[in-house]
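Trainee: File follows, upload-v4.cif with mmCIF, C-alpha atoms:
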```
data_data
loop_
_atom_site.label_atom_id
_atom_site.label_comp_id
_atom_site.auth_asym_id
_atom_site.auth_seq_id
_atom_site.Cartn_x
_atom_site.Cartn_y
_atom_site.Cartn_z
CA MET A 70 -25.78 8.32 -11.34
CA ALA A 71 -25.54 10.35 -8.15
CA GLU A 72 -29.13 11.39 -8.68
CA HIS A 73 -30.15 7.73 -8.90
CA ALA A 74 -28.26 6.88 -5.74
CA SER A 75 -29.90 9.71 -3.84
CA LEU A 76 -33.32 8.69 -5.10
CA ALA A 77 -32.74 5.16 -3.86
CA GLN A 78 -31.60 6.60 -0.56
CA ASP A 79 -34.75 8.71 -0.27
CA ALA A 80 -36.86 5.64 -0.88
CA ASP A 81 -34.89 3.97 1.92
CA VAL A 82 -35.59 6.80 4.31
CA ALA A 83 -39.28 6.83 3.45
CA HIS A 84 -39.35 3.10 4.03
CA GLU A 85 -37.51 3.37 7.35
CA MET A 86 -39.95 6.02 8.50
CA GLY A 87 -42.87 3.84 7.45
CA LEU A 88 -44.07 6.65 5.19
CA ASN A 89 -46.69 4.87 3.13
CA PRO A 90 -49.90 6.49 1.78
CA PRO A 91 -51.97 5.66 4.92
CA ALA A 92 -49.25 7.21 7.10
CA ILE A 93 -49.26 10.37 4.99
CA GLU A 94 -53.06 10.44 5.26
CA ARG A 95 -52.71 10.20 9.03
CA ARG A 96 -50.21 13.04 9.13
CA LEU A 97 -52.52 15.25 7.04
CA ARG A 98 -55.40 14.45 9.38
CA ALA A 99 -53.21 15.39 12.33
CA VAL A 100 -52.83 18.95 11.09
CA GLY A 101 -56.53 19.02 10.20
CA LEU A 102 -56.17 19.84 6.52
CA GLY A 103 -59.66 19.82 4.93
CA GLN A 104 -61.44 20.70 1.68
CA ASP A 105 -62.11 24.32 2.65
CA ASP A 106 -58.39 24.72 3.33
CA MET A 107 -57.72 23.68 -0.24
CA VAL A 108 -59.96 26.47 -1.49
CA ARG A 109 -58.19 29.02 0.71
CA ILE A 110 -54.76 27.80 -0.37
CA ALA A 111 -55.80 28.05 -4.02
CA ARG A 112 -56.74 31.69 -3.35
CA ILE A 113 -53.24 32.62 -2.16
CA ARG A 114 -51.42 30.47 -4.71
CA ASP A 115 -50.44 33.33 -7.02
CA GLU A 116 -49.09 35.45 -4.18
CA VAL A 117 -46.80 32.64 -2.91
CA VAL A 118 -45.69 31.40 -6.34
CA GLY A 119 -44.99 34.97 -7.44
CA HIS A 120 -42.58 35.58 -4.58
CA ALA A 121 -41.22 32.05 -4.19
CA THR A 122 -37.63 32.92 -5.15
CA GLU A 123 -37.65 35.91 -2.83
CA TYR A 124 -39.00 33.86 0.09
CA ALA A 125 -36.42 31.13 -0.54
CA SER A 126 -33.62 33.71 -0.47
CA ALA A 127 -35.01 35.13 2.76
CA PHE A 128 -35.00 31.66 4.29
CA PHE A 129 -31.31 31.12 3.56
CA ASN A 130 -30.36 34.68 4.44
CA TYR A 131 -31.92 34.15 7.82
CA LEU A 132 -29.50 31.25 8.39
CA GLN A 133 -26.46 33.46 7.75
CA PRO A 134 -25.50 34.28 11.36
CA PHE A 135 -25.87 30.73 12.69
CA ASP A 136 -22.75 28.62 13.12
CA ASP A 137 -24.45 25.33 12.38
CA ALA A 138 -25.68 26.64 9.03
CA ARG A 139 -22.14 27.36 7.86
CA ASP A 140 -21.62 23.95 6.25
CA LEU A 141 -24.77 24.43 4.21
CA LEU A 142 -24.13 28.02 3.16
CA ARG A 143 -20.48 27.56 2.28
CA ASN A 144 -20.97 24.57 0.04
CA ARG A 145 -21.94 26.11 -3.30
CA GLU A 146 -23.33 22.90 -4.75
CA LEU A 147 -25.33 22.14 -1.65
CA ILE A 148 -26.79 25.60 -1.30
CA GLU A 149 -27.76 25.69 -5.00
CA GLN A 150 -29.57 22.40 -4.56
CA ALA A 151 -31.20 23.54 -1.34
CA ARG A 152 -32.39 26.76 -2.96
CA ARG A 153 -33.84 24.85 -5.89
CA LEU A 154 -35.61 22.43 -3.57
CA LYS A 155 -36.91 25.27 -1.42
CA VAL A 156 -38.43 27.09 -4.41
CA GLU A 157 -39.95 23.79 -5.52
CA HIS A 158 -41.21 23.38 -1.99
CA LEU A 159 -42.96 26.75 -2.00
CA HIS A 160 -44.56 25.98 -5.34
CA ALA A 161 -45.68 22.56 -4.15
CA MET A 162 -46.98 23.95 -0.85
CA VAL A 163 -49.73 25.83 -2.65
CA ALA A 164 -50.28 23.30 -5.44
CA GLY A 165 -52.93 21.47 -3.43
CA ASN A 166 -51.51 17.98 -3.88
CA TYR A 167 -50.03 16.54 -0.72
CA GLY A 168 -49.37 12.89 -1.52
CA SER A 169 -46.33 10.61 -1.61
CA ASP A 170 -44.40 12.80 -4.06
CA TYR A 171 -44.86 15.84 -1.87
CA ALA A 172 -43.71 13.93 1.23
CA GLN A 173 -40.75 12.53 -0.71
CA GLN A 174 -39.65 16.06 -1.62
CA ARG A 175 -39.77 17.08 2.05
CA LEU A 176 -37.66 14.06 2.96
CA ARG A 177 -35.05 15.01 0.40
CA LEU A 178 -34.78 18.52 1.77
CA GLY A 179 -34.68 17.22 5.34
CA MET A 180 -31.87 14.81 4.48
CA LEU A 181 -29.98 17.64 2.84
CA TYR A 182 -30.25 19.81 5.97
CA SER A 183 -29.26 16.91 8.13
CA ARG A 184 -26.23 16.08 5.99
CA ALA A 185 -25.20 19.73 6.21
CA HIS A 186 -25.39 19.51 10.02
CA LEU A 187 -28.12 22.11 10.25
CA GLU A 188 -29.68 21.85 13.69
CA ILE A 189 -33.39 21.64 14.32
CA PRO A 190 -33.73 24.89 16.38
CA THR A 191 -31.96 26.92 13.67
CA PHE A 192 -34.06 25.33 10.97
CA MET A 193 -37.23 26.06 12.98
CA GLY A 194 -36.22 29.70 13.34
CA ALA A 195 -35.65 30.12 9.62
CA PHE A 196 -38.88 28.32 8.82
CA HIS A 197 -40.80 30.54 11.20
CA ASN A 198 -39.30 33.61 9.57
CA LEU A 199 -40.31 32.27 6.17
CA LEU A 200 -43.89 31.75 7.34
CA ARG A 201 -43.98 35.24 8.83
CA MET A 202 -42.95 36.70 5.48
CA ILE A 203 -45.51 34.65 3.58
CA GLY A 204 -48.14 35.67 6.13
CA ALA A 205 -47.32 39.35 5.69
CA GLY A 206 -47.59 38.99 1.91
CA VAL A 207 -50.91 37.15 2.15
CA LEU A 208 -52.39 39.72 4.55
CA LYS A 209 -51.31 42.61 2.33
CA ASN A 210 -53.22 41.21 -0.64
CA ALA A 211 -56.25 39.96 1.28
CA ARG A 212 -59.64 41.63 0.99
CA SER A 213 -59.98 41.74 4.76
CA SER A 214 -57.47 40.94 7.50
CA GLY A 215 -59.84 38.28 8.91
CA GLU A 216 -59.99 36.45 5.61
CA GLY A 217 -56.26 36.85 5.05
CA PHE A 218 -55.61 35.33 8.46
CA GLU A 219 -57.85 32.33 7.68
CA ASP A 220 -56.19 31.81 4.31
CA PHE A 221 -52.78 31.94 5.88
CA MET A 222 -53.80 29.50 8.62
CA ALA A 223 -54.80 27.00 5.92
CA LEU A 224 -51.33 27.25 4.47
CA GLU A 225 -49.86 26.96 7.91
CA LYS A 226 -51.45 23.53 8.28
CA VAL A 227 -49.43 22.40 5.29
CA ALA A 228 -46.38 24.11 6.77
CA PHE A 229 -46.73 22.19 10.02
CA PHE A 230 -47.24 18.96 8.10
CA ASP A 231 -43.91 19.75 6.40
CA LEU A 232 -42.21 20.65 9.68
CA ALA A 233 -43.21 17.32 11.20
CA LEU A 234 -41.79 15.46 8.22
CA ILE A 235 -38.55 17.40 8.09
CA THR A 236 -37.84 17.17 11.82
CA ASP A 237 -38.65 13.45 11.70
CA VAL A 238 -36.10 13.00 8.94
CA MET A 239 -33.50 15.01 10.79
CA VAL A 240 -34.05 12.98 13.96
CA LEU A 241 -33.97 9.76 11.98
CA ASP A 242 -30.71 10.73 10.35
CA ARG A 243 -29.22 11.52 13.73
CA GLU A 244 -30.34 8.13 15.00
CA ARG A 245 -28.74 6.53 11.99
CA THR A 246 -25.47 8.26 12.77
CA ILE A 247 -25.61 7.02 16.34
CA ARG A 248 -26.34 3.53 15.13
CA ARG A 249 -23.42 3.66 12.72
CA GLN A 250 -21.11 4.81 15.48
CA GLN A 251 -22.29 2.03 17.75
CA GLU A 252 -21.55 -0.47 15.02
CA ALA A 253 -18.12 1.04 14.53
CA ILE A 254 -17.38 0.74 18.22
CA ARG A 255 -18.53 -2.84 18.20
CA GLU A 256 -16.41 -3.58 15.18
CA LEU A 257 -13.31 -2.19 16.82
CA SER A 258 -11.22 -5.27 17.04
CA THR A 259 -10.97 -6.77 20.45
CA PRO A 260 -7.24 -6.96 20.96
CA VAL A 261 -5.56 -10.03 22.33
CA LEU A 262 -2.27 -8.93 23.82
CA GLN A 263 0.75 -11.01 24.54
CA LEU A 264 2.13 -10.03 27.94
CA ARG A 265 4.90 -12.59 28.11
CA ASP A 266 5.88 -15.66 26.23
CA ARG A 267 2.84 -17.96 26.46
CA LEU A 268 0.78 -15.45 28.45
CA LEU A 269 -2.06 -13.62 26.74
CA MET A 270 -4.31 -10.89 27.96
CA LEU A 271 -7.73 -9.98 26.65
CA PRO A 272 -9.08 -6.71 28.01
CA ILE A 273 -12.83 -6.37 27.52
CA ILE A 274 -14.25 -2.88 27.66
CA GLY A 275 -17.83 -1.80 27.21
CA MET A 276 -20.98 -3.65 26.37
CA ILE A 277 -20.82 -7.29 25.44
CA ASP A 278 -23.60 -8.71 23.35
CA THR A 279 -23.78 -12.13 21.80
CA HIS A 280 -22.18 -11.01 18.57
CA ARG A 281 -19.22 -9.38 20.27
CA ALA A 282 -18.86 -12.27 22.70
CA ARG A 283 -18.49 -14.60 19.72
CA MET A 284 -15.83 -12.41 18.19
CA LEU A 285 -13.96 -12.29 21.49
CA THR A 286 -14.00 -16.06 21.77
CA GLU A 287 -12.85 -16.55 18.25
CA SER A 288 -9.94 -14.15 18.48
CA LEU A 289 -8.87 -15.54 21.85
CA LEU A 290 -8.91 -19.17 20.73
CA HIS A 291 -6.98 -18.43 17.57
CA ALA A 292 -4.49 -16.31 19.48
CA ILE A 293 -3.95 -19.17 21.92
CA ARG A 294 -2.99 -21.37 19.00
CA ALA A 295 -0.89 -18.75 17.21
CA ASN A 296 1.05 -17.69 20.32
CA ARG A 297 1.17 -21.14 21.88
CA ALA A 298 -0.31 -19.64 25.00
CA LYS A 299 -0.59 -21.56 28.23
CA VAL A 300 -2.50 -18.97 30.18
CA ALA A 301 -4.90 -16.24 29.11
CA VAL A 302 -6.12 -13.50 31.41
CA ILE A 303 -9.53 -12.04 30.54
CA ASP A 304 -9.95 -8.70 32.24
CA VAL A 305 -13.54 -7.54 32.56
CA THR A 306 -12.92 -4.42 34.66
CA GLY A 307 -14.40 -2.32 31.86
CA VAL A 308 -17.59 -4.33 31.63
CA ALA A 309 -20.49 -2.68 33.40
CA ALA A 310 -23.10 -5.37 33.02
CA VAL A 311 -23.53 -8.91 31.78
CA ASP A 312 -26.53 -11.12 31.19
CA THR A 313 -26.94 -14.88 31.36
CA LYS A 314 -26.10 -15.34 27.72
CA VAL A 315 -22.86 -13.42 27.93
CA ALA A 316 -21.87 -15.09 31.20
CA ASN A 317 -22.44 -18.48 29.62
CA HIS A 318 -20.46 -17.41 26.63
CA ILE A 319 -17.50 -16.53 28.83
CA LEU A 320 -17.81 -19.93 30.50
CA GLN A 321 -17.85 -21.59 27.08
CA THR A 322 -14.75 -19.68 26.09
CA VAL A 323 -13.01 -20.85 29.23
CA ALA A 324 -14.01 -24.45 28.53
CA ALA A 325 -12.92 -24.23 24.90
CA ALA A 326 -9.56 -22.76 25.90
CA LYS A 327 -9.12 -25.61 28.34
CA LEU A 328 -9.72 -28.12 25.56
CA MET A 329 -6.82 -26.48 23.78
CA GLY A 330 -4.67 -26.90 26.84
CA ALA A 331 -4.76 -23.31 28.05
CA THR A 332 -5.92 -21.99 31.39
CA VAL A 333 -8.11 -18.89 31.50
CA ILE A 334 -8.11 -16.53 34.46
CA VAL A 335 -10.91 -13.99 34.69
CA THR A 336 -10.10 -10.79 36.55
CA GLY A 337 -11.80 -7.56 37.47
CA ILE A 338 -15.36 -8.78 38.00
CA SER A 339 -17.08 -5.72 39.46
CA ALA A 340 -19.41 -5.86 42.44
CA GLU A 341 -22.44 -5.38 40.20
CA VAL A 342 -21.40 -8.03 37.73
CA ALA A 343 -20.58 -10.45 40.55
CA GLN A 344 -24.03 -9.95 42.06
CA THR A 345 -25.72 -10.36 38.70
CA LEU A 346 -23.83 -13.57 38.07
CA VAL A 347 -24.82 -14.97 41.44
CA ASN A 348 -28.43 -13.92 40.99
CA LEU A 349 -28.50 -15.49 37.56
CA GLY A 350 -27.27 -18.70 39.10
CA VAL A 351 -24.34 -18.96 36.71
CA ASP A 352 -22.13 -21.85 37.71
CA LEU A 353 -18.79 -20.26 38.34
CA ASN A 354 -17.05 -23.34 39.67
CA LYS A 355 -15.33 -23.82 36.36
CA LEU A 356 -14.09 -20.28 36.40
CA ARG A 357 -10.78 -19.27 37.82
CA THR A 358 -11.24 -15.72 39.06
CA ILE A 359 -8.86 -13.26 40.65
CA GLY A 360 -9.93 -9.89 42.00
CA ASP A 361 -7.88 -7.53 39.92
CA LEU A 362 -5.71 -7.61 36.84
CA GLN A 363 -2.47 -7.40 38.79
CA GLY A 364 -3.38 -10.44 40.85
CA GLY A 365 -4.45 -12.27 37.71
CA ILE A 366 -1.18 -11.62 35.96
CA GLU A 367 0.81 -12.66 39.01
CA GLU A 368 -1.18 -15.88 39.20
CA ALA A 369 -0.66 -16.47 35.49
CA GLU A 370 3.09 -15.92 35.81
CA GLN A 371 3.18 -18.42 38.61
CA LEU A 372 1.28 -20.97 36.52
CA ILE A 373 3.75 -20.63 33.69
CA GLY A 374 6.67 -20.69 36.07
CA TYR A 375 7.92 -17.14 35.89
CA GLN A 376 9.34 -15.50 38.92
CA VAL A 377 9.34 -11.73 38.94
CA VAL A 378 12.11 -10.31 41.07
CA ALA A 379 12.62 -6.65 41.80
CA PRO A 380 16.06 -5.46 40.67
CA VAL A 381 18.54 -5.16 43.51
CA ARG A 382 20.07 -1.70 43.68
CA GLU A 383 23.79 -1.94 43.99
CA ALA A 384 25.28 0.24 46.64
CA ARG A 385 27.56 2.51 44.68
CA PRO A 386 30.19 4.67 46.22
CA SER A 387 28.90 8.21 46.02
CA LEU A 388 31.08 10.97 44.66
CA LEU A 389 29.39 13.44 46.93
CA ASN A 390 30.68 11.69 49.98
CA GLY A 391 34.20 12.24 48.83
CA ALA A 392 34.83 8.62 47.94
CA THR A 393 36.91 8.11 44.85
CA PRO A 394 35.59 5.91 42.11
CA PRO A 395 37.70 2.84 41.40
CA MET B 168 -7.39 -48.05 8.83
CA PRO B 169 -6.37 -48.68 12.43
CA VAL B 170 -4.63 -45.91 14.33
CA PRO B 171 -0.91 -46.65 14.61
CA ILE B 172 0.50 -46.48 18.11
CA LEU B 173 4.05 -45.11 18.25
CA ARG B 174 6.26 -45.56 21.24
CA GLN B 175 8.61 -42.82 22.31
CA GLY B 176 10.45 -43.68 25.50
CA ASP B 177 7.79 -44.45 28.06
CA VAL B 178 5.05 -42.62 26.18
CA PHE B 179 2.61 -43.85 23.54
CA ILE B 180 1.68 -41.46 20.77
CA ALA B 181 -1.43 -42.10 18.68
CA SER B 182 -2.37 -39.66 15.98
CA ILE B 183 -6.00 -39.82 14.89
CA GLN B 184 -6.53 -38.88 11.24
CA LEU B 185 -9.56 -37.59 9.39
CA GLU B 186 -10.36 -40.82 7.62
CA GLN B 187 -10.53 -42.93 10.76
CA THR B 188 -13.91 -44.41 11.60
CA ASP B 189 -15.68 -45.00 14.89
CA ALA B 190 -14.62 -48.65 14.69
CA ASP B 191 -10.98 -47.58 14.40
CA LEU B 192 -11.38 -45.53 17.57
CA ALA B 193 -12.88 -48.48 19.41
CA LYS B 194 -9.98 -50.59 18.20
CA LEU B 195 -7.50 -47.97 19.41
CA ARG B 196 -9.10 -48.10 22.82
CA GLU B 197 -8.69 -51.86 23.00
CA ASP B 198 -5.12 -51.78 21.71
CA LEU B 199 -4.12 -49.10 24.18
CA ALA B 200 -5.81 -50.86 27.09
CA ARG B 201 -3.76 -53.94 26.35
CA GLN B 202 -0.44 -52.38 25.40
CA VAL B 203 -0.22 -49.77 28.16
CA GLY B 204 0.06 -52.52 30.73
CA GLU B 205 2.23 -54.78 28.62
CA MET B 206 4.75 -52.13 27.69
CA ARG B 207 4.66 -50.37 31.04
CA VAL B 208 4.31 -46.91 29.52
CA ARG B 209 3.62 -43.93 31.80
CA GLY B 210 1.79 -41.70 29.40
CA VAL B 211 -0.43 -41.68 26.33
CA ILE B 212 -0.77 -38.80 23.92
CA ILE B 213 -3.73 -38.72 21.57
CA ASP B 214 -3.14 -36.24 18.77
CA VAL B 215 -6.24 -34.85 17.04
CA THR B 216 -4.57 -31.96 15.17
CA THR B 217 -5.96 -32.91 11.78
CA LEU B 218 -9.56 -33.38 12.91
CA ASP B 219 -11.94 -30.59 12.02
CA VAL B 220 -14.76 -32.02 14.10
CA LEU B 221 -15.04 -34.04 17.28
CA ASP B 222 -18.50 -35.49 17.71
CA SER B 223 -20.08 -36.97 20.81
CA TYR B 224 -18.91 -40.47 19.98
CA ALA B 225 -15.31 -39.41 19.47
CA THR B 226 -15.41 -37.35 22.66
CA ARG B 227 -16.78 -40.29 24.61
CA MET B 228 -14.10 -42.55 23.14
CA LEU B 229 -11.35 -40.12 24.11
CA ARG B 230 -12.68 -40.05 27.65
CA ALA B 231 -12.91 -43.81 27.71
CA ILE B 232 -9.35 -44.19 26.43
CA ALA B 233 -8.10 -41.79 29.09
CA TYR B 234 -9.90 -43.56 31.94
CA THR B 235 -8.91 -47.02 30.74
CA SER B 236 -5.28 -46.03 30.39
CA ARG B 237 -5.36 -44.43 33.82
CA LEU B 238 -6.58 -47.69 35.32
CA ARG B 239 -3.76 -49.47 33.53
CA GLY B 240 -1.22 -47.00 34.90
CA ALA B 241 -0.74 -44.29 32.26
CA ARG B 242 -1.84 -40.67 32.06
CA THR B 243 -3.50 -39.46 28.88
CA VAL B 244 -3.18 -36.07 27.27
CA VAL B 245 -5.29 -35.07 24.28
CA VAL B 246 -3.39 -32.62 22.10
CA GLY B 247 -4.06 -30.46 19.06
CA ILE B 248 -7.74 -29.58 19.41
CA GLN B 249 -8.28 -26.73 16.93
CA PRO B 250 -9.91 -23.47 18.05
CA ASP B 251 -13.09 -23.99 16.01
CA VAL B 252 -13.34 -27.62 17.09
CA ALA B 253 -12.94 -26.59 20.73
CA PHE B 254 -15.67 -24.00 20.50
CA SER B 255 -18.14 -26.19 18.68
CA MET B 256 -17.53 -28.95 21.23
CA VAL B 257 -18.37 -26.53 24.03
CA GLU B 258 -21.43 -25.31 22.18
CA LEU B 259 -22.62 -28.89 21.76
CA GLY B 260 -22.05 -29.45 25.47
CA LEU B 261 -19.31 -32.01 24.87
CA ASP B 262 -16.62 -32.14 27.46
CA LEU B 263 -13.55 -34.22 28.09
CA GLY B 264 -14.08 -34.36 31.84
CA GLU B 265 -10.87 -34.82 33.77
CA VAL B 266 -8.79 -35.61 30.71
CA SER B 267 -5.74 -33.35 30.36
CA THR B 268 -5.38 -31.35 27.20
CA ALA B 269 -2.46 -29.54 25.63
CA LEU B 270 -1.84 -27.38 22.63
CA ASP B 271 0.35 -29.75 20.65
CA LEU B 272 2.59 -32.79 20.93
CA GLU B 273 5.46 -30.88 22.50
CA GLU B 274 3.18 -29.39 25.14
CA GLY B 275 1.60 -32.75 25.77
CA LEU B 276 4.98 -34.30 26.48
CA ALA B 277 5.74 -31.40 28.82
CA VAL B 278 2.49 -32.03 30.69
CA LEU B 279 3.37 -35.68 31.14
CA ARG B 280 6.88 -34.81 32.29
CA ALA B 281 5.54 -32.35 34.82
CA GLN B 282 3.28 -35.02 36.29
CA GLU B 283 6.01 -37.60 36.64
CA PRO B 284 6.91 -38.38 40.23
CA ASP B 285 10.46 -37.42 41.06
CA VAL B 286 12.27 -40.70 41.39
CA GLU B 287 15.99 -40.63 41.68
CA HIS B 288 17.64 -42.99 39.24
CA VAL B 289 20.58 -44.66 40.86
#
```
Show me this structure written as structure tokens.

Mentor:
Amino acid sequence: MAEHASLAQDADVAHEMGLNPPAIERRLRAVGLGQDDMVRIARIRDEVVGHATEYASAFFNYLQPFDDARDLLRNRELIEQARRLKVEHLHAMVAGNYGSDYAQQRLRLGMLYSRAHLEIPTFMGAFHNLLRMIGAGVLKNARSSGEGFEDFMALEKVAFFDLALITDVMVLDRERTIRRQQEAIRELSTPVLQLRDRLLMLPIIGMIDTHRARMLTESLLHAIRANRAKVAVIDVTGVAAVDTKVANHILQTVAAAKLMGATVIVTGISAEVAQTLVNLGVDLNKLRTIGDLQGGIEEAEQLIGYQVVAPVREARPSLLNGATPP
Amino acid sequence: MPVPILRQGDVFIASIQLEQTDADLAKLREDLARQVGEMRVRGVIIDVTTLDVLDSYATRMLRAIAYTSRLRGARTVVVGIQPDVAFSMVELGLDLGEVSTALDLEEGLAVLRAQEPDVEHV
């Protein structure tokens, strides 16, 4: 079952990367892999296959001292799987067939590294070490060092093809994480706070896009009904930029709140946002704005009819002055 | 089914229900125009709590009722517009103009009270 899920996931990744047969063809052309390379690779096949397990061990041993490889090396299940995939990789590297299946295998390994939080520089180092070892082995068995070098360079084309795929996957996975986090931030509920009886506050922080603006409106309007609010203060101090759409959305929210009998005060419009709004030609006549949140809340309190009075300190007889308490 | 007009002190209360047609609204407008002057009421409250949509005709009618009543000497407050109704009205570009709005009946009465001129009763 887990195997099925991961296969489906791999297909997803391949799809997201646009890794179709023409794309793979293009990648192979980029490293310049030709027919004569195939012949050379076939010549060193036995050497690589014979030492595949050894090379794979060397690859993971190389990772030992690196902090970011710890997650991978400590997880027994993960490292077993990685080892198995690496040996398969070495076999496949010299098998002479570099199509969709081969690319798919690279993706799987790349995803595994990425999930284990292995970083690209560390991976590159280990991969380089692996290639150095393979190169040494190839040269040792070659008839001449010139020929051995050429044979190894043919294999290196495949290796660089692999590198490109694996780093692409790792970057893609990182982008996915960022995207997920962005979604999570967006999903964070936009709180509508009750400051006093019938007075609501809606602090907006961060980017507003159409989707979030809609959510803001919805929660504000429902909160107005639920709390029987008369005044709502929308504070946009934390908003760095707005566009026409968002500005209009705020205006719509204000108009909708008015239809429900509530007044909306917008506070904390920054200099940049104010200039943008003016440049966009947004009609702000319908908007009641106050410079900062404090002013907005004071205005709101006045609208509802609250009067905030500072407590009067009673002059108490002080013991220090020798006066006796009553 | 025509909209019943209830009298509470010097305020008329008309509650529009889901099943009422455009013709009923037009009738309400006529009735109010006549009765506001006859009964010397100071305020009219139109309650739309149960409506889940207010289209352009209904919006225009509400405006017309408010303006007519104003000319006859009563202020109008529309109460009970639901959140979703309010937002879809705004999205459709519908607007009640200068007509006062309030959350519910109680609020509407408070709005009318607040607008009453202070006249000392002797």

Trainee: Under the PyMOL selection byres ((chain B and resi 169) around 12), which residues of this model are included? Write them out as a list in words.

Mentor: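 Taken on the displayed file, the PyMOL selection byres ((chain B and resi 169) around 12) yields the residues Met168, Val170, Pro171, Ile172, Ala181, Ser182, Ile183, Gln184, Leu185, Glu186, Gln187, Thr188, Asp189, Ala190, Asp191, Leu192, Ala193, Lys194, Leu195, Arg196, Glu197, Asp198 and Leu199 of chain B.
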
Trainee: Taking all atoms listed in the file into account, which of A:Gly330, A:Gly365, A:Pro380, A:Gly374 comes nearest chain B?

Mentor: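 Looking only at the distances to chain B, the closest residue turns out to be A:Gly330.
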
Trainee: For the provided coordinates, the residues matched by the PyMOL selection byres ((chain B) within 6 of (chain A)) should be stated as an NGL selection string.

Mentor: :B and (248 or 250 or 253-254 or 257 or 268-270)

Trainee: Got a sec: who's within 8 Å of Leu276 of chain B, counting only C-alpha atoms, leaving out chain neighbours fewer than 4 positions off, as a list in words?

Mentor: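 So, after excluding close chain neighbours, the residues are Ile212, Leu272 and Arg280 of chain B.
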
Trainee: Could you please determine the separation between atom CA of Arg201 of chain A and atom CA of Gln174 of chain A in Å, to one decimal place?

Mentor: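 Atom CA of Gln174 of chain A lies at a distance of 22.3 Å from atom CA of Arg201 of chain A.
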
Trainee: Using only C-alpha atoms, which of A:Met86, A:Ala369, A:Val117, A:Ala316 sits nearest Leu349 of chain A?

Mentor: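 Ranking A:Met86, A:Ala369, A:Val117, A:Ala316 by distance to Leu349 of chain A, first place goes to A:Ala316.
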
Trainee: Mind pulling up the distance from atom CA of Ile373 of chain A to atom CA of Val246 of chain B?

Mentor: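 Computing the Euclidean distance for atom CA of Val246 of chain B and atom CA of Ile373 of chain A yields 18.1 Å.
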
Trainee: Identify, on the basis of all atoms listed in the file, every residue whose closest approach to Arg98 of chain A does not exceed 10 Å; exclude the query and any residue fewer than 6 positions from it along the same chain; express the result as a PyMOL selection string.

Mentor: chain A and resi 92+226+230

Trainee: Find the residues around Leu97 of chain A up to 12 Å (all atoms listed in the file counted), leave out those fewer than 4 positions away in its own chain, and share them as a list in words.

Mentor: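 Here the qualifying residues turn out to be Pro90, Pro91, Ala92, Ile93, Gly101, Leu102, Gly103, Gln104, Asp106, Asn166, Tyr167, Gly168, Ser169, Tyr171, Ala172, Lys226, Val227, Ala228, Phe229, Phe230, Asp231, Leu232, Ala233 and Leu234 of chain A.
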
Trainee: Please compute the atom CA of Tyr124 of chain A-atom CA of Met202 of chain A distance, one decimal, in Å.

Mentor: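 Between atom CA of Tyr124 of chain A and atom CA of Met202 of chain A the gap is 7.3 Å.
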
Trainee: Which is closest to Arg239 of chain B among B:Leu173, B:Val278, B:Asp271, B:Val211, if we use all atoms listed in the file?

Mentor: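 The shortest atom-to-atom distance to Arg239 of chain B comes from B:Val211.
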
Trainee: Kindly resolve the PyMOL selection byres ((chain A and resi 177) around 12) on the present coordinates and return the residues as a count of residues only.

Mentor: 39
